[in-house]
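Text of the file work.cif, holding mmCIF, C-alpha atoms:
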data_work
loop_
_atom_site.label_atom_id
_atom_site.label_comp_id
_atom_site.auth_asym_id
_atom_site.auth_seq_id
_atom_site.Cartn_x
_atom_site.Cartn_y
_atom_site.Cartn_z
CA MET A 1449 0.00 0.00 0.00
CA ILE A 1450 1.26 3.48 -0.85
CA HIS A 1451 2.26 5.39 2.27
CA ALA A 1452 3.29 9.05 2.57
CA GLU A 1453 3.65 10.89 5.83
CA LEU A 1454 5.11 14.00 7.42
CA VAL A 1455 6.25 13.40 11.00
CA HIS A 1456 7.69 15.37 13.90
CA GLU A 1457 9.24 12.39 15.68
CA THR A 1458 12.36 10.32 14.97
CA ILE A 1459 12.02 8.16 11.85
CA ASP A 1460 12.64 4.45 12.39
CA PRO A 1461 13.89 3.13 9.01
CA ALA A 1462 12.78 -0.40 9.93
CA ASP A 1463 9.17 0.78 10.21
CA VAL A 1464 9.33 2.38 6.77
CA LEU A 1465 11.00 -0.68 5.24
CA ALA A 1466 8.34 -2.94 6.77
CA ARG A 1467 5.66 -1.15 4.72
CA VAL A 1468 6.99 -2.57 1.43
CA GLY A 1469 7.95 -5.99 0.13
CA ALA A 1470 5.83 -8.83 -1.24
CA ALA A 1471 6.26 -12.45 -2.28
CA GLU A 1472 6.56 -11.42 -5.94
CA ASP A 1473 9.26 -8.80 -5.28
CA GLY A 1474 12.93 -9.47 -5.94
CA ALA A 1475 14.09 -5.95 -5.16
CA VAL A 1476 13.57 -4.00 -1.94
CA LEU A 1477 15.25 -0.62 -1.67
CA LEU A 1478 15.60 1.76 1.28
CA PHE A 1479 16.97 5.30 0.89
CA LEU A 1480 17.73 7.47 3.92
CA GLY A 1481 18.46 11.18 3.76
CA THR A 1482 20.51 12.16 6.83
CA VAL A 1483 21.76 15.39 8.36
CA ARG A 1484 25.48 15.84 7.61
CA ASN A 1485 27.94 17.84 9.68
CA HIS A 1486 29.10 20.20 6.93
CA ALA A 1487 27.80 22.44 4.14
CA ASP A 1488 29.91 24.42 1.67
CA GLY A 1489 32.98 24.05 3.84
CA GLU A 1490 31.26 25.14 7.05
CA SER A 1491 30.64 22.93 10.05
CA VAL A 1492 26.96 22.25 10.73
CA ASP A 1493 25.56 21.39 14.18
CA GLY A 1494 21.98 20.68 13.15
CA ILE A 1495 19.12 21.58 10.83
CA THR A 1496 15.62 22.88 11.50
CA TYR A 1497 13.09 21.65 8.93
CA GLU A 1498 9.91 23.66 8.43
CA ALA A 1499 6.95 22.63 6.28
CA TYR A 1500 3.71 24.08 5.00
CA GLU A 1501 2.23 20.98 6.47
CA ARG A 1502 -1.31 21.11 5.10
CA MET A 1503 0.15 21.33 1.59
CA ALA A 1504 3.26 19.17 2.07
CA SER A 1505 1.24 16.12 3.12
CA PRO A 1506 -0.84 15.97 -0.07
CA VAL A 1507 2.17 16.83 -2.27
CA LEU A 1508 4.16 14.01 -0.69
CA ALA A 1509 1.24 11.63 -1.33
CA GLU A 1510 1.07 12.85 -4.94
CA ILE A 1511 4.81 12.17 -5.41
CA ALA A 1512 4.44 8.69 -3.90
CA ASN A 1513 1.54 7.95 -6.25
CA GLU A 1514 3.53 9.07 -9.28
CA ALA A 1515 6.44 6.88 -8.15
CA ALA A 1516 4.11 3.90 -7.84
CA VAL A 1517 3.14 4.32 -11.50
CA ARG A 1518 6.83 4.18 -12.47
CA LEU A 1519 7.42 1.29 -10.13
CA GLY A 1520 4.52 -0.79 -11.37
CA THR A 1521 3.59 -1.76 -7.79
CA ASP A 1522 1.85 0.07 -4.95
CA ARG A 1523 4.75 -0.69 -2.60
CA VAL A 1524 6.06 2.82 -1.97
CA ALA A 1525 6.57 4.33 1.48
CA VAL A 1526 7.99 7.80 2.12
CA VAL A 1527 8.30 9.58 5.44
CA HIS A 1528 9.68 13.11 5.83
CA ARG A 1529 10.52 14.62 9.20
CA VAL A 1530 10.15 18.25 10.30
CA GLY A 1531 11.44 20.03 13.40
CA GLU A 1532 14.88 20.17 15.00
CA LEU A 1533 17.24 17.51 13.67
CA ALA A 1534 20.74 16.65 14.90
CA ILE A 1535 23.71 15.35 12.93
CA GLY A 1536 23.01 11.83 11.68
CA ASP A 1537 19.25 12.10 12.13
CA VAL A 1538 17.13 10.75 9.30
CA SER A 1539 15.23 13.58 7.58
CA VAL A 1540 13.62 11.41 4.91
CA ALA A 1541 13.16 7.66 4.39
CA ILE A 1542 12.00 6.13 1.11
CA ALA A 1543 11.26 2.43 0.74
CA VAL A 1544 10.12 0.77 -2.48
CA SER A 1545 9.85 -2.79 -3.72
CA SER A 1546 9.22 -4.38 -7.08
CA PRO A 1547 9.80 -7.66 -8.93
CA HIS A 1548 13.03 -6.30 -10.52
CA ARG A 1549 15.66 -3.78 -9.41
CA GLY A 1550 15.42 -1.37 -12.35
CA GLN A 1551 12.01 0.01 -11.45
CA ALA A 1552 12.92 0.11 -7.76
CA TYR A 1553 16.00 2.29 -8.29
CA ASP A 1554 14.11 4.49 -10.73
CA ALA A 1555 11.12 5.02 -8.42
CA SER A 1556 13.25 5.65 -5.33
CA ARG A 1557 15.30 8.26 -7.18
CA TYR A 1558 12.12 9.84 -8.53
CA VAL A 1559 10.72 10.35 -5.03
CA ILE A 1560 13.81 12.12 -3.64
CA GLU A 1561 14.29 14.29 -6.74
CA GLU A 1562 10.64 15.39 -6.76
CA ILE A 1563 10.79 16.15 -3.02
CA LYS A 1564 13.69 18.49 -3.72
CA LYS A 1565 11.83 20.15 -6.59
CA ARG A 1566 8.39 20.75 -5.14
CA LEU A 1567 7.75 19.64 -1.56
CA PRO A 1568 7.00 22.84 0.43
CA VAL A 1569 9.69 22.21 3.04
CA TRP A 1570 12.58 24.50 4.05
CA LYS A 1571 15.66 23.98 6.12
CA ARG A 1572 17.65 26.26 8.34
CA GLU A 1573 21.23 25.19 8.95
CA HIS A 1574 22.83 25.91 12.31
CA TYR A 1575 26.58 26.44 12.02
CA GLY A 1576 29.40 25.73 14.44
CA ASP A 1577 29.99 29.45 15.05
CA GLY A 1578 26.41 30.02 16.24
CA ARG A 1579 25.01 31.53 13.04
CA SER A 1580 22.07 29.99 11.20
CA GLU A 1581 20.71 30.49 7.70
CA TRP A 1582 17.89 29.28 5.46
CA VAL A 1583 19.37 26.99 2.83
CA GLU A 1584 19.00 28.38 -0.67
CA GLY A 1585 16.55 26.06 -2.34
CA VAL A 1586 14.91 25.36 -5.67
CA SER A 1587 12.02 27.46 -6.92
CA PRO A 1588 9.03 25.18 -7.53
CA GLY A 1589 7.63 28.00 -9.70
CA ARG A 1590 6.01 27.17 -12.98
CA GLU A 1591 7.20 23.61 -13.07
CA GLY A 1592 5.35 22.98 -9.81
CA ALA A 1593 2.19 24.60 -11.14
CA ALA A 1594 2.44 22.71 -14.41
CA SER A 1595 2.97 19.37 -12.71
CA THR A 1596 0.02 19.85 -10.37
CA ALA A 1597 -2.24 20.97 -13.19
CA GLY A 1598 -1.33 18.32 -15.73
CA GLU A 1599 0.91 15.57 -14.47
CA GLY A 1600 -0.32 13.21 -17.17
CA ALA A 1601 1.19 15.40 -19.88
CA ARG A 1602 4.76 15.01 -18.68
CA MET B 651 -12.96 40.52 -1.31
CA SER B 652 -10.44 39.27 1.19
CA VAL B 653 -7.77 36.58 0.83
CA GLN B 654 -5.35 35.18 3.38
CA ALA B 655 -1.67 35.42 2.44
CA LEU B 656 0.70 32.96 4.15
CA PHE B 657 4.46 33.36 4.47
CA PHE B 658 6.93 30.64 5.33
CA ALA B 659 10.59 30.30 6.28
CA SER B 660 12.73 33.12 4.81
CA TYR B 661 9.69 35.11 3.63
CA ARG B 662 8.16 35.01 7.11
CA ASP B 663 11.44 36.17 8.65
CA LEU B 664 11.71 38.92 6.06
CA LEU B 665 8.21 40.27 6.75
CA GLY B 666 8.01 39.46 10.45
CA THR B 667 4.62 37.82 9.99
CA SER B 668 3.30 34.44 8.89
CA LYS B 669 -0.16 35.52 7.72
CA LEU B 670 -1.95 38.58 6.52
CA ASP B 671 -5.53 39.25 5.40
CA VAL B 672 -5.47 41.28 2.20
CA GLU B 673 -8.36 43.20 0.61
CA LEU B 674 -8.43 42.98 -3.19
CA PRO B 675 -10.90 44.04 -5.87
CA ASP B 676 -13.13 41.24 -7.19
CA GLY B 677 -11.50 39.41 -10.07
CA ALA B 678 -7.97 40.07 -8.78
CA THR B 679 -5.28 37.60 -9.80
CA VAL B 680 -2.25 36.18 -8.01
CA ALA B 681 -0.15 38.82 -9.80
CA ASP B 682 -2.44 41.57 -8.45
CA LEU B 683 -1.93 40.31 -4.90
CA VAL B 684 1.86 40.26 -5.30
CA ARG B 685 1.76 43.79 -6.76
CA GLU B 686 -0.48 45.04 -3.94
CA LEU B 687 1.88 43.70 -1.28
CA ARG B 688 5.09 44.88 -2.95
CA GLY B 689 3.45 48.29 -3.37
CA ARG B 690 3.32 48.66 0.41
CA GLY B 691 7.05 49.40 0.50
CA ALA B 692 9.63 47.88 2.86
CA PRO B 693 9.86 45.13 3.89
CA PHE B 694 7.39 43.86 1.25
CA THR B 695 9.58 45.13 -1.57
CA SER B 696 12.04 42.39 -0.58
CA LEU B 697 9.62 39.75 -1.85
CA PRO B 698 10.50 38.55 -5.35
CA LYS B 699 8.46 39.95 -8.24
CA GLU B 700 7.36 36.46 -9.22
CA PRO B 701 7.47 34.24 -6.15
CA ALA B 702 6.18 30.66 -6.31
CA ILE B 703 2.58 30.69 -5.12
CA ALA B 704 0.14 28.05 -3.97
CA VAL B 705 -3.59 28.80 -3.94
CA ASN B 706 -5.52 26.59 -1.54
CA ARG B 707 -2.50 24.27 -1.25
CA THR B 708 -1.94 23.76 -5.00
CA TYR B 709 0.83 25.50 -6.98
CA ALA B 710 -0.68 28.25 -9.11
CA LEU B 711 0.32 30.45 -12.01
CA HIS B 712 0.31 34.22 -11.58
CA ASP B 713 -2.62 34.78 -13.95
CA GLU B 714 -4.91 32.64 -11.79
CA THR B 715 -7.98 34.52 -10.56
CA LEU B 716 -8.49 34.60 -6.80
CA ARG B 717 -11.74 34.17 -4.90
CA SER B 718 -12.78 35.54 -1.55
CA GLY B 719 -11.42 33.37 1.26
CA ASP B 720 -8.59 31.85 -0.79
CA GLU B 721 -5.47 30.79 1.06
CA VAL B 722 -2.53 32.15 -0.93
CA ALA B 723 0.86 30.86 0.19
CA PHE B 724 4.12 32.52 -0.79
CA ILE B 725 6.50 29.60 -1.25
CA PRO B 726 10.22 30.37 -0.90
CA PRO B 727 12.57 28.12 -2.91
CA VAL B 728 12.09 24.67 -1.38
CA ALA B 729 14.82 22.62 0.31
CA GLY B 730 13.33 19.36 1.50
CA GLY B 731 15.00 15.96 1.57
#

Write out the structure in this file as structure tokens.
Amino acid sequence: MIHAELVHETIDPADVLARVGAAEDGAVLLFLGTVRNHADGESVDGITYEAYERMASPVLAEIANEAAVRLGTDRVAVVHRVGELAIGDVSVAIAVSSPHRGQAYDASRYVIEEIKKRLPVWKREHYGDGRSEWVEGVSPGREGAASTAGEGAR
Amino acid sequence: MSVQALFFASYRDLLGTSKLDVELPDGATVADLVRELRGRGAPFTSLPKEPAIAVNRTYALHDETLRSGDEVAFIPPVAGG
């Protein structure tokens, strides 16, 4: 079953992984996005993730549904965390499974790339010297509008 | 008519507010709303001329017509993942 969720608590990768897999699947893939301790040569102590939650939840579900079409199965699970995250914390977990590996790699990659393009989530990096800044992101702009209006055309 | 503008992350910090009720003439578009806000002077002039916008939680183009009660979110460049 397709699963997409925005959470405030710690993500347990095993829980996300347990949502996929079936007797007919020969490929099960888990991707974890984690908070790293550096950015552009600066040391990072942590990241605050903020979301427009009432929009991010349906957009995440939409991305998961699109990935399922590519995958050819409904075994897609994606969980994104918001709030204060420390180094090493999992910010996003994506699990997919399919009969063969090609579709699994493709669908997993699709989910993370689409998250970066259009999920209304922002992150503020906290640096070792006490400063913090919003990370320069990607404008969802017209591509976001076009994809919401006519995904089938792409 | 009145719409509710929402500001997140860097835009919220820039403006010092996360939401604002804005009066617009009937038939106003997303572009009209952006113009109205930027016309208020600082700090609104710091908003981009063509920010990404979501109307009622769906990405919208700037020629989209607004209706009374619409929730219009100004979406800074996104950085999820």

Worksheet item: If the PyMOL selection byres ((chain B) within 9 of (chain A)) is run on the structure shown, which residues does it catch, given as a ChimeraX atom specification?
Response: /B:658-660,700-704,706-711,723,725-731

Item to complete: For the structure shown, which residues end up in the PyMOL selection byres ((chain B and resi 712) around 6)? Put them as a list in words, please?
Response: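 Expected selection for the PyMOL selection byres ((chain B and resi 712) around 6) here is Val680, Ala681, Leu711, Asp713 and Glu714 of chain B.
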
Worksheet item: Skipping near chain neighbours, those fewer than 5 positions away, what residues fall within 12 Å of Pro675 in chain B using all atoms listed in the file, listed as a PyMOL selection string?
Response: chain B and resi 651-653+680+682-683+686+715-718

Item to complete: Extract, using all atoms listed in the file, all DNA, RNA and protein residues at most 8 Å from Ala1515 in chain A, discarding same-chain residues fewer than 4 positions from it, and format them as a VMD selection string.
Response: chain A and resid 1511 1519 1524 1555 to 1556 1558 to 1559

Using the chain letters and residue numbers of this document, give as a PDB file with C-alpha atoms, in the frame of the given file the residues selected by the PyMOL selection byres ((chain A and resi 1544) around 8).
ATOM      1  CA  LEU A1465      11.000  -0.680   5.240  1.00  0.00           C
ATOM      2  CA  VAL A1468       6.990  -2.570   1.430  1.00  0.00           C
ATOM      3  CA  GLY A1469       7.950  -5.990   0.130  1.00  0.00           C
ATOM      4  CA  VAL A1476      13.570  -4.000  -1.940  1.00  0.00           C
ATOM      5  CA  LEU A1477      15.250  -0.620  -1.670  1.00  0.00           C
ATOM      6  CA  LEU A1478      15.600   1.760   1.280  1.00  0.00           C
ATOM      7  CA  ARG A1523       4.750  -0.690  -2.600  1.00  0.00           C
ATOM      8  CA  VAL A1524       6.060   2.820  -1.970  1.00  0.00           C
ATOM      9  CA  ALA A1525       6.570   4.330   1.480  1.00  0.00           C
ATOM     10  CA  ILE A1542      12.000   6.130   1.110  1.00  0.00           C
ATOM     11  CA  ALA A1543      11.260   2.430   0.740  1.00  0.00           C
ATOM     12  CA  SER A1545       9.850  -2.790  -3.720  1.00  0.00           C
ATOM     13  CA  SER A1546       9.220  -4.380  -7.080  1.00  0.00           C
ATOM     14  CA  ALA A1552      12.920   0.110  -7.760  1.00  0.00           C
ATOM     15  CA  ALA A1555      11.120   5.020  -8.420  1.00  0.00           C
ATOM     16  CA  SER A1556      13.250   5.650  -5.330  1.00  0.00           C
TER      17      SER A1556
END

Discussion item. For a test of reading the model, state the distance in Å between CA of Gln654 in chain B and CA of Asp720 in chain B, rounded to one decimal.
Written reply: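 The value is 6.2 Å.
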